[in-house]
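See below for run04.pdb, which holds PDB, C-alpha atoms.
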```pdb
ATOM      1  CA  MET A   1       8.599 -19.018  12.363  1.00  0.00           C
ATOM      2  CA  TYR A   2       6.791 -18.106   9.160  1.00  0.00           C
ATOM      3  CA  ASP A   3       5.424 -15.099   7.303  1.00  0.00           C
ATOM      4  CA  GLU A   4       1.682 -14.496   7.144  1.00  0.00           C
ATOM      5  CA  LEU A   5       1.765 -10.764   6.327  1.00  0.00           C
ATOM      6  CA  GLU A   6       2.400 -11.361   2.595  1.00  0.00           C
ATOM      7  CA  LEU A   7       3.700  -7.812   2.169  1.00  0.00           C
ATOM      8  CA  ASP A   8       4.721  -8.503  -1.416  1.00  0.00           C
ATOM      9  CA  LEU A   9       1.090  -9.261  -2.384  1.00  0.00           C
ATOM     10  CA  VAL A  10      -0.491  -6.097  -0.952  1.00  0.00           C
ATOM     11  CA  GLY A  11      -0.425  -4.471  -4.406  1.00  0.00           C
ATOM     12  CA  ASP A  12      -1.913  -7.513  -6.175  1.00  0.00           C
ATOM     13  CA  ARG A  13      -5.361  -7.378  -4.582  1.00  0.00           C
ATOM     14  CA  LYS A  14      -7.413  -5.118  -2.338  1.00  0.00           C
ATOM     15  CA  THR A  15      -5.953  -5.495   1.134  1.00  0.00           C
ATOM     16  CA  ALA A  16      -6.271  -3.731   4.496  1.00  0.00           C
ATOM     17  CA  LEU A  17      -3.204  -4.125   6.690  1.00  0.00           C
ATOM     18  CA  PHE A  18      -2.985  -2.550  10.162  1.00  0.00           C
ATOM     19  CA  PHE A  19       0.121  -1.942  12.269  1.00  0.00           C
ATOM     20  CA  ILE A  20      -1.072  -1.035  15.756  1.00  0.00           C
ATOM     21  CA  ILE A  21       1.371  -0.255  18.570  1.00  0.00           C
ATOM     22  CA  SER A  22       1.223   1.559  21.893  1.00  0.00           C
ATOM     23  CA  ASP A  23       1.206   5.350  21.685  1.00  0.00           C
ATOM     24  CA  THR A  24       2.923   5.653  25.074  1.00  0.00           C
ATOM     25  CA  ASP A  25       5.480   2.818  24.971  1.00  0.00           C
ATOM     26  CA  ALA A  26       8.154   3.157  22.276  1.00  0.00           C
ATOM     27  CA  THR A  27       9.660  -0.308  22.799  1.00  0.00           C
ATOM     28  CA  PHE A  28       8.308  -1.835  19.581  1.00  0.00           C
ATOM     29  CA  ASN A  29       8.362   1.268  17.368  1.00  0.00           C
ATOM     30  CA  PHE A  30      11.274  -0.163  15.395  1.00  0.00           C
ATOM     31  CA  LEU A  31       9.060  -3.042  14.196  1.00  0.00           C
ATOM     32  CA  VAL A  32       6.714  -0.692  12.342  1.00  0.00           C
ATOM     33  CA  SER A  33       9.625   1.210  10.848  1.00  0.00           C
ATOM     34  CA  MET A  34      11.187  -2.071   9.699  1.00  0.00           C
ATOM     35  CA  ALA A  35       7.859  -3.289   8.290  1.00  0.00           C
ATOM     36  CA  TYR A  36       7.432  -0.126   6.183  1.00  0.00           C
ATOM     37  CA  THR A  37      10.971  -0.452   4.860  1.00  0.00           C
ATOM     38  CA  GLN A  38      10.316  -4.073   3.900  1.00  0.00           C
ATOM     39  CA  LEU A  39       6.927  -3.178   2.422  1.00  0.00           C
ATOM     40  CA  PHE A  40       8.313  -0.470   0.136  1.00  0.00           C
ATOM     41  CA  ASN A  41      11.237  -2.608  -1.023  1.00  0.00           C
ATOM     42  CA  LEU A  42       9.120  -5.685  -1.770  1.00  0.00           C
ATOM     43  CA  LEU A  43       6.388  -3.762  -3.580  1.00  0.00           C
ATOM     44  CA  CYS A  44       8.849  -1.816  -5.738  1.00  0.00           C
ATOM     45  CA  GLU A  45      10.630  -5.032  -6.715  1.00  0.00           C
ATOM     46  CA  ARG A  46       7.341  -6.768  -7.517  1.00  0.00           C
ATOM     47  CA  ALA A  47       6.096  -3.793  -9.533  1.00  0.00           C
ATOM     48  CA  ASP A  48       9.286  -3.776 -11.615  1.00  0.00           C
ATOM     49  CA  ASP A  49       9.728  -7.541 -12.007  1.00  0.00           C
ATOM     50  CA  LYS A  50       6.142  -8.688 -12.571  1.00  0.00           C
ATOM     51  CA  PHE A  51       3.942  -5.733 -13.561  1.00  0.00           C
ATOM     52  CA  GLY A  52       6.214  -3.608 -15.709  1.00  0.00           C
ATOM     53  CA  GLY A  53       6.716  -0.845 -13.151  1.00  0.00           C
ATOM     54  CA  ARG A  54       3.183  -0.237 -11.808  1.00  0.00           C
ATOM     55  CA  LEU A  55       1.170  -2.284  -9.323  1.00  0.00           C
ATOM     56  CA  PRO A  56      -2.351  -3.274 -10.440  1.00  0.00           C
ATOM     57  CA  VAL A  57      -3.875  -2.021  -7.141  1.00  0.00           C
ATOM     58  CA  HIS A  58      -2.796   1.322  -5.697  1.00  0.00           C
ATOM     59  CA  VAL A  59      -1.242   1.009  -2.223  1.00  0.00           C
ATOM     60  CA  ARG A  60      -1.858   3.959   0.089  1.00  0.00           C
ATOM     61  CA  CYS A  61       0.032   4.007   3.401  1.00  0.00           C
ATOM     62  CA  LEU A  62      -1.729   6.092   6.045  1.00  0.00           C
ATOM     63  CA  ILE A  63       1.109   6.661   8.516  1.00  0.00           C
ATOM     64  CA  ASP A  64      -0.600   8.180  11.553  1.00  0.00           C
ATOM     65  CA  GLU A  65       1.698   9.613  14.249  1.00  0.00           C
ATOM     66  CA  ALA A  66       4.547   9.365  11.733  1.00  0.00           C
ATOM     67  CA  ALA A  67       6.996  10.943  14.174  1.00  0.00           C
ATOM     68  CA  ASN A  68       6.333   8.314  16.851  1.00  0.00           C
ATOM     69  CA  ILE A  69       7.090   5.111  14.941  1.00  0.00           C
ATOM     70  CA  GLY A  70      10.799   5.698  14.517  1.00  0.00           C
ATOM     71  CA  GLN A  71      12.764   6.737  11.463  1.00  0.00           C
ATOM     72  CA  ILE A  72      12.043   4.933   8.191  1.00  0.00           C
ATOM     73  CA  PRO A  73      15.435   4.546   6.449  1.00  0.00           C
ATOM     74  CA  ASN A  74      15.820   6.445   3.153  1.00  0.00           C
ATOM     75  CA  LEU A  75      12.287   7.845   3.386  1.00  0.00           C
ATOM     76  CA  GLU A  76      13.346  10.995   1.507  1.00  0.00           C
ATOM     77  CA  LYS A  77      14.348   8.829  -1.477  1.00  0.00           C
ATOM     78  CA  LEU A  78      11.379   6.485  -1.205  1.00  0.00           C
ATOM     79  CA  MET A  79       8.880   9.366  -1.262  1.00  0.00           C
ATOM     80  CA  ALA A  80      10.227  10.341  -4.682  1.00  0.00           C
ATOM     81  CA  THR A  81      10.370   6.855  -6.201  1.00  0.00           C
ATOM     82  CA  ILE A  82       7.373   4.884  -4.888  1.00  0.00           C
ATOM     83  CA  ARG A  83       4.827   7.145  -6.613  1.00  0.00           C
ATOM     84  CA  SER A  84       5.674   5.773 -10.045  1.00  0.00           C
ATOM     85  CA  ARG A  85       4.893   2.249  -8.747  1.00  0.00           C
ATOM     86  CA  GLU A  86       1.342   3.136  -7.646  1.00  0.00           C
ATOM     87  CA  ILE A  87       2.373   3.559  -3.997  1.00  0.00           C
ATOM     88  CA  SER A  88       1.742   6.649  -1.898  1.00  0.00           C
ATOM     89  CA  ALA A  89       2.464   7.627   1.702  1.00  0.00           C
ATOM     90  CA  CYS A  90       0.372  10.019   3.796  1.00  0.00           C
ATOM     91  CA  LEU A  91       2.345  11.316   6.781  1.00  0.00           C
ATOM     92  CA  VAL A  92       0.162  12.514   9.669  1.00  0.00           C
ATOM     93  CA  LEU A  93       1.965  14.786  12.151  1.00  0.00           C
ATOM     94  CA  GLN A  94       1.001  16.890  15.145  1.00  0.00           C
ATOM     95  CA  ALA A  95       3.578  19.508  14.141  1.00  0.00           C
ATOM     96  CA  GLN A  96       6.123  19.966  11.365  1.00  0.00           C
ATOM     97  CA  SER A  97       8.934  20.265  13.925  1.00  0.00           C
ATOM     98  CA  GLN A  98       8.437  16.564  14.749  1.00  0.00           C
ATOM     99  CA  LEU A  99       9.564  15.662  11.231  1.00  0.00           C
ATOM    100  CA  LYS A 100      12.551  17.998  11.587  1.00  0.00           C
ATOM    101  CA  ALA A 101      13.630  16.324  14.821  1.00  0.00           C
ATOM    102  CA  LEU A 102      13.438  12.858  13.251  1.00  0.00           C
ATOM    103  CA  TYR A 103      14.781  13.398   9.719  1.00  0.00           C
ATOM    104  CA  LYS A 104      16.916  16.526  10.251  1.00  0.00           C
ATOM    105  CA  ASP A 105      17.945  18.106   6.912  1.00  0.00           C
ATOM    106  CA  ASN A 106      15.858  15.633   4.898  1.00  0.00           C
ATOM    107  CA  MET A 107      12.600  17.141   6.182  1.00  0.00           C
ATOM    108  CA  ASP A 108      12.312  19.625   3.294  1.00  0.00           C
ATOM    109  CA  THR A 109      12.914  16.849   0.747  1.00  0.00           C
ATOM    110  CA  ILE A 110      10.187  14.687   2.274  1.00  0.00           C
ATOM    111  CA  ILE A 111       7.665  17.552   2.363  1.00  0.00           C
ATOM    112  CA  GLY A 112       8.636  18.616  -1.166  1.00  0.00           C
ATOM    113  CA  ASN A 113       7.732  15.162  -2.485  1.00  0.00           C
ATOM    114  CA  CYS A 114       4.193  15.390  -1.082  1.00  0.00           C
ATOM    115  CA  ASP A 115       1.776  16.629  -3.756  1.00  0.00           C
ATOM    116  CA  SER A 116      -0.865  17.576  -1.172  1.00  0.00           C
ATOM    117  CA  SER A 117      -0.631  19.244   2.233  1.00  0.00           C
ATOM    118  CA  LEU A 118      -3.522  19.530   4.684  1.00  0.00           C
ATOM    119  CA  PHE A 119      -3.472  21.840   7.727  1.00  0.00           C
ATOM    120  CA  LEU A 120      -6.131  21.061  10.334  1.00  0.00           C
ATOM    121  CA  GLY A 121      -5.042  23.722  12.808  1.00  0.00           C
ATOM    122  CA  GLY A 122      -2.370  24.172  15.448  1.00  0.00           C
ATOM    123  CA  LYS A 123      -0.063  26.687  17.046  1.00  0.00           C
ATOM    124  CA  GLU A 124       3.433  25.261  16.508  1.00  0.00           C
ATOM    125  CA  GLU A 125       5.578  28.118  15.162  1.00  0.00           C
ATOM    126  CA  THR A 126       7.483  26.203  12.462  1.00  0.00           C
ATOM    127  CA  THR A 127       4.248  24.867  10.974  1.00  0.00           C
ATOM    128  CA  LEU A 128       2.559  28.269  11.076  1.00  0.00           C
ATOM    129  CA  LYS A 129       5.478  30.034   9.379  1.00  0.00           C
ATOM    130  CA  SER A 130       5.630  27.361   6.693  1.00  0.00           C
ATOM    131  CA  TRP A 131       1.918  27.744   5.872  1.00  0.00           C
ATOM    132  CA  ASN A 132       2.199  31.512   6.023  1.00  0.00           C
ATOM    133  CA  SER A 133       4.792  31.432   3.224  1.00  0.00           C
ATOM    134  CA  LEU A 134       2.843  28.809   1.253  1.00  0.00           C
ATOM    135  CA  LEU A 135      -0.328  30.888   1.211  1.00  0.00           C
ATOM    136  CA  GLY A 136       1.502  33.911  -0.209  1.00  0.00           C
ATOM    137  CA  LYS A 137       0.155  37.423  -0.349  1.00  0.00           C
ATOM    138  CA  GLU A 138      -2.894  39.257  -1.599  1.00  0.00           C
ATOM    139  CA  THR A 139      -3.109  42.775  -3.064  1.00  0.00           C
ATOM    140  CA  ILE A 140      -5.012  45.416  -1.103  1.00  0.00           C
ATOM    141  CA  ASP A 141      -5.885  49.031  -1.901  1.00  0.00           C
ATOM    142  CA  MET A 142      -4.779  51.593   0.662  1.00  0.00           C
ATOM    143  CA  TYR A 143      -6.462  54.969   0.839  1.00  0.00           C
ATOM    144  CA  ASN A 144      -5.062  57.813   2.996  1.00  0.00           C
ATOM    145  CA  THR A 145      -6.446  61.279   3.596  1.00  0.00           C
ATOM    146  CA  SER A 146      -4.643  64.120   5.280  1.00  0.00           C
ATOM    147  CA  VAL A 147      -5.738  67.508   6.572  1.00  0.00           C
ATOM    148  CA  THR A 148      -3.309  70.328   7.343  1.00  0.00           C
ATOM    149  CA  LYS A 149      -4.645  73.258   9.309  1.00  0.00           C
ATOM    150  CA  GLY A 150      -2.963  76.622   9.491  1.00  0.00           C
ATOM    151  CA  THR A 151      -3.486  80.042   7.968  1.00  0.00           C
ATOM    152  CA  GLN A 152      -4.682  78.092   4.956  1.00  0.00           C
ATOM    153  CA  GLU A 153      -6.298  74.657   5.360  1.00  0.00           C
ATOM    154  CA  SER A 154      -5.172  71.981   2.877  1.00  0.00           C
ATOM    155  CA  HIS A 155      -6.431  68.480   2.137  1.00  0.00           C
ATOM    156  CA  GLY A 156      -4.599  65.566   0.572  1.00  0.00           C
ATOM    157  CA  GLN A 157      -5.430  62.083  -0.728  1.00  0.00           C
ATOM    158  CA  ASN A 158      -3.112  59.171  -1.346  1.00  0.00           C
ATOM    159  CA  PHE A 159      -3.893  55.829  -3.070  1.00  0.00           C
ATOM    160  CA  GLN A 160      -1.561  52.838  -2.838  1.00  0.00           C
ATOM    161  CA  LYS A 161      -1.558  49.136  -3.687  1.00  0.00           C
ATOM    162  CA  LEU A 162       0.122  46.975  -1.053  1.00  0.00           C
ATOM    163  CA  GLY A 163       0.838  43.302  -0.524  1.00  0.00           C
ATOM    164  CA  LYS A 164      -0.626  41.637   2.563  1.00  0.00           C
ATOM    165  CA  ASP A 165      -0.220  38.072   3.863  1.00  0.00           C
ATOM    166  CA  LEU A 166      -3.245  36.018   2.856  1.00  0.00           C
ATOM    167  CA  MET A 167      -3.245  34.678   6.424  1.00  0.00           C
ATOM    168  CA  SER A 168      -0.743  35.934   8.974  1.00  0.00           C
ATOM    169  CA  VAL A 169       0.901  33.678  11.558  1.00  0.00           C
ATOM    170  CA  ASP A 170      -1.429  34.891  14.301  1.00  0.00           C
ATOM    171  CA  GLU A 171      -4.489  34.351  12.082  1.00  0.00           C
ATOM    172  CA  LEU A 172      -3.374  30.781  11.376  1.00  0.00           C
ATOM    173  CA  ALA A 173      -2.884  30.140  15.091  1.00  0.00           C
ATOM    174  CA  VAL A 174      -6.493  31.107  15.878  1.00  0.00           C
ATOM    175  CA  MET A 175      -8.077  29.562  12.767  1.00  0.00           C
ATOM    176  CA  ASP A 176     -11.574  28.191  13.335  1.00  0.00           C
ATOM    177  CA  GLY A 177     -11.383  24.546  14.470  1.00  0.00           C
ATOM    178  CA  GLY A 178     -14.111  23.639  11.992  1.00  0.00           C
ATOM    179  CA  LYS A 179     -12.000  24.737   9.007  1.00  0.00           C
ATOM    180  CA  CYS A 180      -8.867  23.487   7.270  1.00  0.00           C
ATOM    181  CA  LEU A 181      -6.367  24.540   4.609  1.00  0.00           C
ATOM    182  CA  LEU A 182      -5.482  22.374   1.627  1.00  0.00           C
ATOM    183  CA  GLN A 183      -2.706  22.844  -0.876  1.00  0.00           C
ATOM    184  CA  ILE A 184      -2.469  20.630  -3.975  1.00  0.00           C
ATOM    185  CA  ARG A 185       0.406  20.846  -6.420  1.00  0.00           C
ATOM    186  CA  GLY A 186      -0.408  23.204  -9.289  1.00  0.00           C
ATOM    187  CA  VAL A 187      -3.465  24.693  -7.525  1.00  0.00           C
ATOM    188  CA  ARG A 188      -3.734  27.719  -5.271  1.00  0.00           C
ATOM    189  CA  PRO A 189      -4.285  26.817  -1.577  1.00  0.00           C
ATOM    190  CA  PHE A 190      -7.879  27.129  -0.411  1.00  0.00           C
ATOM    191  CA  LEU A 191      -9.788  27.330   2.855  1.00  0.00           C
ATOM    192  CA  SER A 192     -12.573  24.830   3.437  1.00  0.00           C
ATOM    193  CA  ARG A 193     -14.854  23.573   6.161  1.00  0.00           C
ATOM    194  CA  LYS A 194     -13.994  20.137   7.598  1.00  0.00           C
ATOM    195  CA  TYR A 195     -16.304  17.381   6.447  1.00  0.00           C
ATOM    196  CA  GLY A 196     -18.749  16.150   9.085  1.00  0.00           C
ATOM    197  CA  ILE A 197     -18.185  12.416   9.314  1.00  0.00           C
ATOM    198  CA  THR A 198     -21.732  11.865  10.556  1.00  0.00           C
ATOM    199  CA  LYS A 199     -22.998  13.065   7.159  1.00  0.00           C
ATOM    200  CA  HIS A 200     -21.152  10.348   5.261  1.00  0.00           C
ATOM    201  CA  PRO A 201     -23.481   7.673   3.798  1.00  0.00           C
ATOM    202  CA  ASN A 202     -21.285   4.912   5.280  1.00  0.00           C
ATOM    203  CA  TYR A 203     -21.216   6.388   8.783  1.00  0.00           C
ATOM    204  CA  LYS A 204     -23.840   3.828   9.801  1.00  0.00           C
ATOM    205  CA  TYR A 205     -21.220   1.088   9.458  1.00  0.00           C
ATOM    206  CA  LEU A 206     -18.904   2.583  12.108  1.00  0.00           C
ATOM    207  CA  SER A 207     -18.783   1.540  15.728  1.00  0.00           C
ATOM    208  CA  ASP A 208     -19.424   5.181  16.682  1.00  0.00           C
ATOM    209  CA  PHE A 209     -22.897   4.787  15.196  1.00  0.00           C
ATOM    210  CA  ASP A 210     -23.621   1.321  16.584  1.00  0.00           C
ATOM    211  CA  GLU A 211     -21.536  -0.764  18.995  1.00  0.00           C
ATOM    212  CA  LYS A 212     -22.553  -3.865  17.047  1.00  0.00           C
ATOM    213  CA  ASN A 213     -20.190  -2.697  14.295  1.00  0.00           C
ATOM    214  CA  VAL A 214     -17.086  -3.126  16.470  1.00  0.00           C
ATOM    215  CA  PHE A 215     -14.521  -5.225  14.583  1.00  0.00           C
ATOM    216  CA  ASP A 216     -13.249  -8.162  16.628  1.00  0.00           C
ATOM    217  CA  ILE A 217      -9.855  -9.029  15.206  1.00  0.00           C
ATOM    218  CA  GLU A 218      -9.491 -12.058  17.482  1.00  0.00           C
ATOM    219  CA  LYS A 219     -11.978 -13.938  15.305  1.00  0.00           C
ATOM    220  CA  TYR A 220      -9.697 -13.615  12.302  1.00  0.00           C
ATOM    221  CA  LEU A 221      -6.323 -14.311  13.898  1.00  0.00           C
ATOM    222  CA  SER A 222      -4.855 -17.676  13.004  1.00  0.00           C
ATOM    223  CA  THR A 223      -1.523 -19.341  13.747  1.00  0.00           C
ATOM    224  CA  ARG A 224      -1.928 -21.812  10.902  1.00  0.00           C
ATOM    225  CA  LEU A 225       0.606 -21.550   8.124  1.00  0.00           C
ATOM    226  CA  PRO A 226      -1.077 -20.310   4.908  1.00  0.00           C
ATOM    227  CA  VAL A 227      -0.172 -22.550   1.991  1.00  0.00           C
ATOM    228  CA  ARG A 228       0.708 -20.983  -1.358  1.00  0.00           C
ATOM    229  CA  PRO A 229       0.406 -23.190  -4.438  1.00  0.00           C
ATOM    230  CA  GLU A 230       3.660 -21.936  -5.992  1.00  0.00           C
ATOM    231  CA  GLU A 231       5.855 -22.625  -2.941  1.00  0.00           C
ATOM    232  CA  LEU A 232       7.577 -25.835  -1.880  1.00  0.00           C
ATOM    233  CA  TYR A 233       7.168 -27.238   1.632  1.00  0.00           C
ATOM    234  CA  PRO A 234       8.971 -30.152   3.351  1.00  0.00           C
ATOM    235  CA  ASN A 235       6.872 -33.290   3.753  1.00  0.00           C
ATOM    236  CA  TYR A 236       7.514 -35.567   6.733  1.00  0.00           C
ATOM    237  CA  GLU A 237       6.249 -39.127   7.091  1.00  0.00           C
ATOM    238  CA  ILE A 238       5.746 -40.399  10.652  1.00  0.00           C
ATOM    239  CA  PRO A 239       5.409 -44.184  11.088  1.00  0.00           C
ATOM    240  CA  PRO A 240       2.266 -45.301  12.999  1.00  0.00           C
ATOM    241  CA  GLU A 241       4.298 -46.919  15.786  1.00  0.00           C
ATOM    242  CA  GLU A 242       6.264 -43.696  16.382  1.00  0.00           C
ATOM    243  CA  LEU A 243       3.075 -41.651  16.429  1.00  0.00           C
ATOM    244  CA  ALA A 244       1.511 -44.125  18.886  1.00  0.00           C
ATOM    245  CA  ALA A 245       4.562 -43.924  21.135  1.00  0.00           C
ATOM    246  CA  GLN A 246       4.415 -40.122  21.229  1.00  0.00           C
ATOM    247  CA  THR A 247       0.690 -40.200  21.947  1.00  0.00           C
ATOM    248  CA  THR A 248       1.162 -42.629  24.812  1.00  0.00           C
ATOM    249  CA  ALA A 249       3.980 -40.556  26.275  1.00  0.00           C
TER     250      ALA A 249
END
```
Please express what this file holds, its structure, as C-alpha cells.
Amino acid sequence: MYDELELDLVGDRKTALFFIISDTDATFNFLVSMAYTQLFNLLCERADDKFGGRLPVHVRCLIDEAANIGQIPNLEKLMATIRSREISACLVLQAQSQLKALYKDNMDTIIGNCDSSLFLGGKEETTLKSWNSLLGKETIDMYNTSVTKGTQESHGQNFQKLGKDLMSVDELAVMDGGKCLLQIRGVRPFLSRKYGITKHPNYKYLSDFDEKNVFDIEKYLSTRLPVRPEELYPNYEIPPEELAAQTTA
C-alpha cells in the first residue's frame, strides 16, 4: 500500500539495505531483479537532478548469487553508466558460465565494465580459461645439452627463451584454497593469501564470535507509514458519533 524502502534516498545518507530470498525457491527472484532496476534508475535520476551527477554517499551493491536472482534488464548498459554517479555493483558468481547463461552475448560487456576481478578458486572450464588468458605469460630460459656418440663423440649446448603461461588451466584448477587471484585495471594480476576474518579487529561484533551479536530484524520491522515532511497526505475527519458507532459495532 505504501513505500518504506526509500530507494531514492539510499545515496543521501549511510544506509544498509538487504534483499533476502530463498536460495532454493526461485518464485520471488523477479522481485529482487525489479528492485535493482528501480534502485539504479531512481539513484541515477536523483544524482543528476539534485546533486549535479554524483551522489554524496557512495552506493555499493553486493549482489551475491547474481545468477540466481533473475536477469536485471539493461545491466550491461548500467554497469557502464552508474559508476559516474557514485554507484558500483559487485557481482558474485560460482562460475563465469552462469553469467553467460543469463546474459548471453552481453556477458563480455558486463565483465569488461568491472574494474576489479577476484578469483577465489574453482574448476569450471570457462572461468579457468578466462583467467589463464588474463594472467598472460612469463619468460623462461631453456637450456638443452646433447651428446652424440660414434667414432668421434660430440657435445652440444642450446639456449632459448620461451614464453610459458603464468598459471596453466590445470594449475588454476588445483590452486590452494587459502589463496586468491586479484586483477585491478591498470595493474598486473597478483596472487595473495585470503584474509583470515578472525583476525579482523571487528570480528568480535559478529554472531560467529558471540551468539549475543545475532541481529534480530523483527525488532525493527514496522508497518507504520513513515511520514516525510515534504510530502502531502490526505487528512480525514471522523465525527465522534460515527467513531462511537464503529466502536460499538
If we count all atoms listed in the file, what is near Asp8 (chain A) at a cut-off of 10 Å, once residues fewer than 5 positions away on the same chain are taken out, given as a short mmCIF file (atom, residue, chain, number, x, y, z; two decimals) with C-alpha atoms, in the coordinates of the input?
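Listing of out-v3.cif after writing:
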```cif
data_model
loop_
_atom_site.label_atom_id
_atom_site.label_comp_id
_atom_site.auth_asym_id
_atom_site.auth_seq_id
_atom_site.Cartn_x
_atom_site.Cartn_y
_atom_site.Cartn_z
CA GLN A 38 10.32 -4.07 3.90
CA LEU A 39 6.93 -3.18 2.42
CA PHE A 40 8.31 -0.47 0.14
CA ASN A 41 11.24 -2.61 -1.02
CA LEU A 42 9.12 -5.68 -1.77
CA LEU A 43 6.39 -3.76 -3.58
CA CYS A 44 8.85 -1.82 -5.74
CA GLU A 45 10.63 -5.03 -6.72
CA ARG A 46 7.34 -6.77 -7.52
CA ALA A 47 6.10 -3.79 -9.53
#
```
**Asked** Mind pulling up the distance from CA of Asp208 (chain A) to CA of Phe18 (chain A)?
**Response** 19.3 Å
Region 129-142 of chain A: axis-aligned bounding box, 8 Å on each side, centre and edge lengths in Å, one decimal, as AutoDock Vina command-line options:
```
--center_x -0.1 --center_y 39.5 --center_z 3.2 --size_x 27.5 --size_y 40.2 --size_z 28.4
```
**Asked** CA of Ser146 (chain A) and CA of Phe159 (chain A) are how many Å apart?
**Response**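 About the pair CA of Ser146 (chain A) and CA of Phe159 (chain A): they are 11.8 Å apart.
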**Request:** Please identify all polymer residues within 12 Å of Asp176 (chain A), counting only C-alpha atoms, omitting same-chain residues fewer than 2 positions from it, and present them as a ChimeraX atom specification.
**Result:** /A:119-122,171-174,178-181,191-194
Residue selection dump (C-alpha atoms) as a PDB file, keeping the file's coordinate frame:
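So the final result, stored in selection_9.pdb, reads:
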```pdb
ATOM      1  CA  PHE A 119      -3.472  21.840   7.727  1.00  0.00           C
ATOM      2  CA  LEU A 120      -6.131  21.061  10.334  1.00  0.00           C
ATOM      3  CA  GLY A 121      -5.042  23.722  12.808  1.00  0.00           C
ATOM      4  CA  GLY A 122      -2.370  24.172  15.448  1.00  0.00           C
ATOM      5  CA  GLU A 171      -4.489  34.351  12.082  1.00  0.00           C
ATOM      6  CA  LEU A 172      -3.374  30.781  11.376  1.00  0.00           C
ATOM      7  CA  ALA A 173      -2.884  30.140  15.091  1.00  0.00           C
ATOM      8  CA  VAL A 174      -6.493  31.107  15.878  1.00  0.00           C
ATOM      9  CA  GLY A 178     -14.111  23.639  11.992  1.00  0.00           C
ATOM     10  CA  LYS A 179     -12.000  24.737   9.007  1.00  0.00           C
ATOM     11  CA  CYS A 180      -8.867  23.487   7.270  1.00  0.00           C
ATOM     12  CA  LEU A 181      -6.367  24.540   4.609  1.00  0.00           C
ATOM     13  CA  LEU A 191      -9.788  27.330   2.855  1.00  0.00           C
ATOM     14  CA  SER A 192     -12.573  24.830   3.437  1.00  0.00           C
ATOM     15  CA  ARG A 193     -14.854  23.573   6.161  1.00  0.00           C
ATOM     16  CA  LYS A 194     -13.994  20.137   7.598  1.00  0.00           C
TER      17      LYS A 194
END
```
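Take the candidates A:Thr151, A:Gln183, A:Thr139, A:Gln98 and check each one against Asp115 (chain A) using only C-alpha atoms; the shortest distance goes to A:Gln183.
Distances here use only C-alpha atoms; by that measure, the residue among A:Ala26, A:Val214, A:Ile20, A:Leu182 closest to Ala67 (chain A) is A:Ala26.
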**Item:** Counting all atoms listed in the file, the option among A:Asn113, A:Asn158, A:Glu153, A:Asp170 closest to Leu128 (chain A)
**Value:** A:Asp170
**Message:** If I take CA of Ile140 (chain A) and CA of Arg188 (chain A), how far is one from the other in Å, to one decimal?
**Reply:** 18.2 Å
**Message:** List as a list of chain:residue names the protein and nucleic acid residues near Pro56 (chain A), meaning an atom at most 8 Å away when only C-alpha atoms are counted, but skip any in the same chain fewer than 4 places from it.
**Reply:**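 The neighbour list is A:Gly11, A:Asp12, A:Arg13, A:Phe51, A:Glu86.
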**Message:** Distance cut-off 9 Å, centre (0.3, -6.6, 6.1) in file coordinates, counting all atoms listed in the file: which residues qualify? Return them as a PyMOL selection string.
**Reply:** chain A and resi 4-10+15-19+35+39
**Request:** Name the residues in contact with Ser22 (chain A) at a cut-off of 12 Å, using all atoms listed in the file, excluding same-chain residues fewer than 2 positions from it; report them as a list in words.
**Result:**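 Residues near the query, excluding close chain neighbours: Phe19, Ile20, Thr24, Asp25, Ala26, Thr27, Phe28, Asn29, Leu31, Val32, Glu65, Asn68 and Ile69 of chain A.
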**Asked** On this structure, which residues satisfy the PyMOL selection byres ((chain A and resi 141) around 7), written as a PyMOL selection string?
**Response** chain A and resi 139-140+142-143+160-162
**Residue with smallest distance to Leu166 (chain A) - pool A:Gly136, A:Gly52, A:Pro240, A:Gly70, counting only C-alpha atoms** =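 When distances to Leu166 (chain A) are compared using only C-alpha atoms, the smallest one comes from A:Gly136.
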Contacts of Lys77 (chain A) at 10 Å or less, counting all atoms listed in the file, minus same-chain residues fewer than 3 places along, as a tab-separated table (two decimals) with C-alpha atoms, keeping the file's coordinate frame?
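This went into out19.tsv:
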```tsv
chain	number	residue	atom	x	y	z
A	73	PRO	CA	15.44	4.55	6.45
A	74	ASN	CA	15.82	6.44	3.15
A	80	ALA	CA	10.23	10.34	-4.68
A	81	THR	CA	10.37	6.86	-6.20
A	82	ILE	CA	7.37	4.88	-4.89
A	106	ASN	CA	15.86	15.63	4.90
A	109	THR	CA	12.91	16.85	0.75
A	110	ILE	CA	10.19	14.69	2.27
A	113	ASN	CA	7.73	15.16	-2.48
```
**Message:** I'd like to know which of A:Leu135, A:Cys61, A:Ile238, A:Leu55 is closest to Pro189 (chain A), using all atoms listed in the file.
**Reply:**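 For Pro189 (chain A), the nearest of the candidates is A:Leu135.
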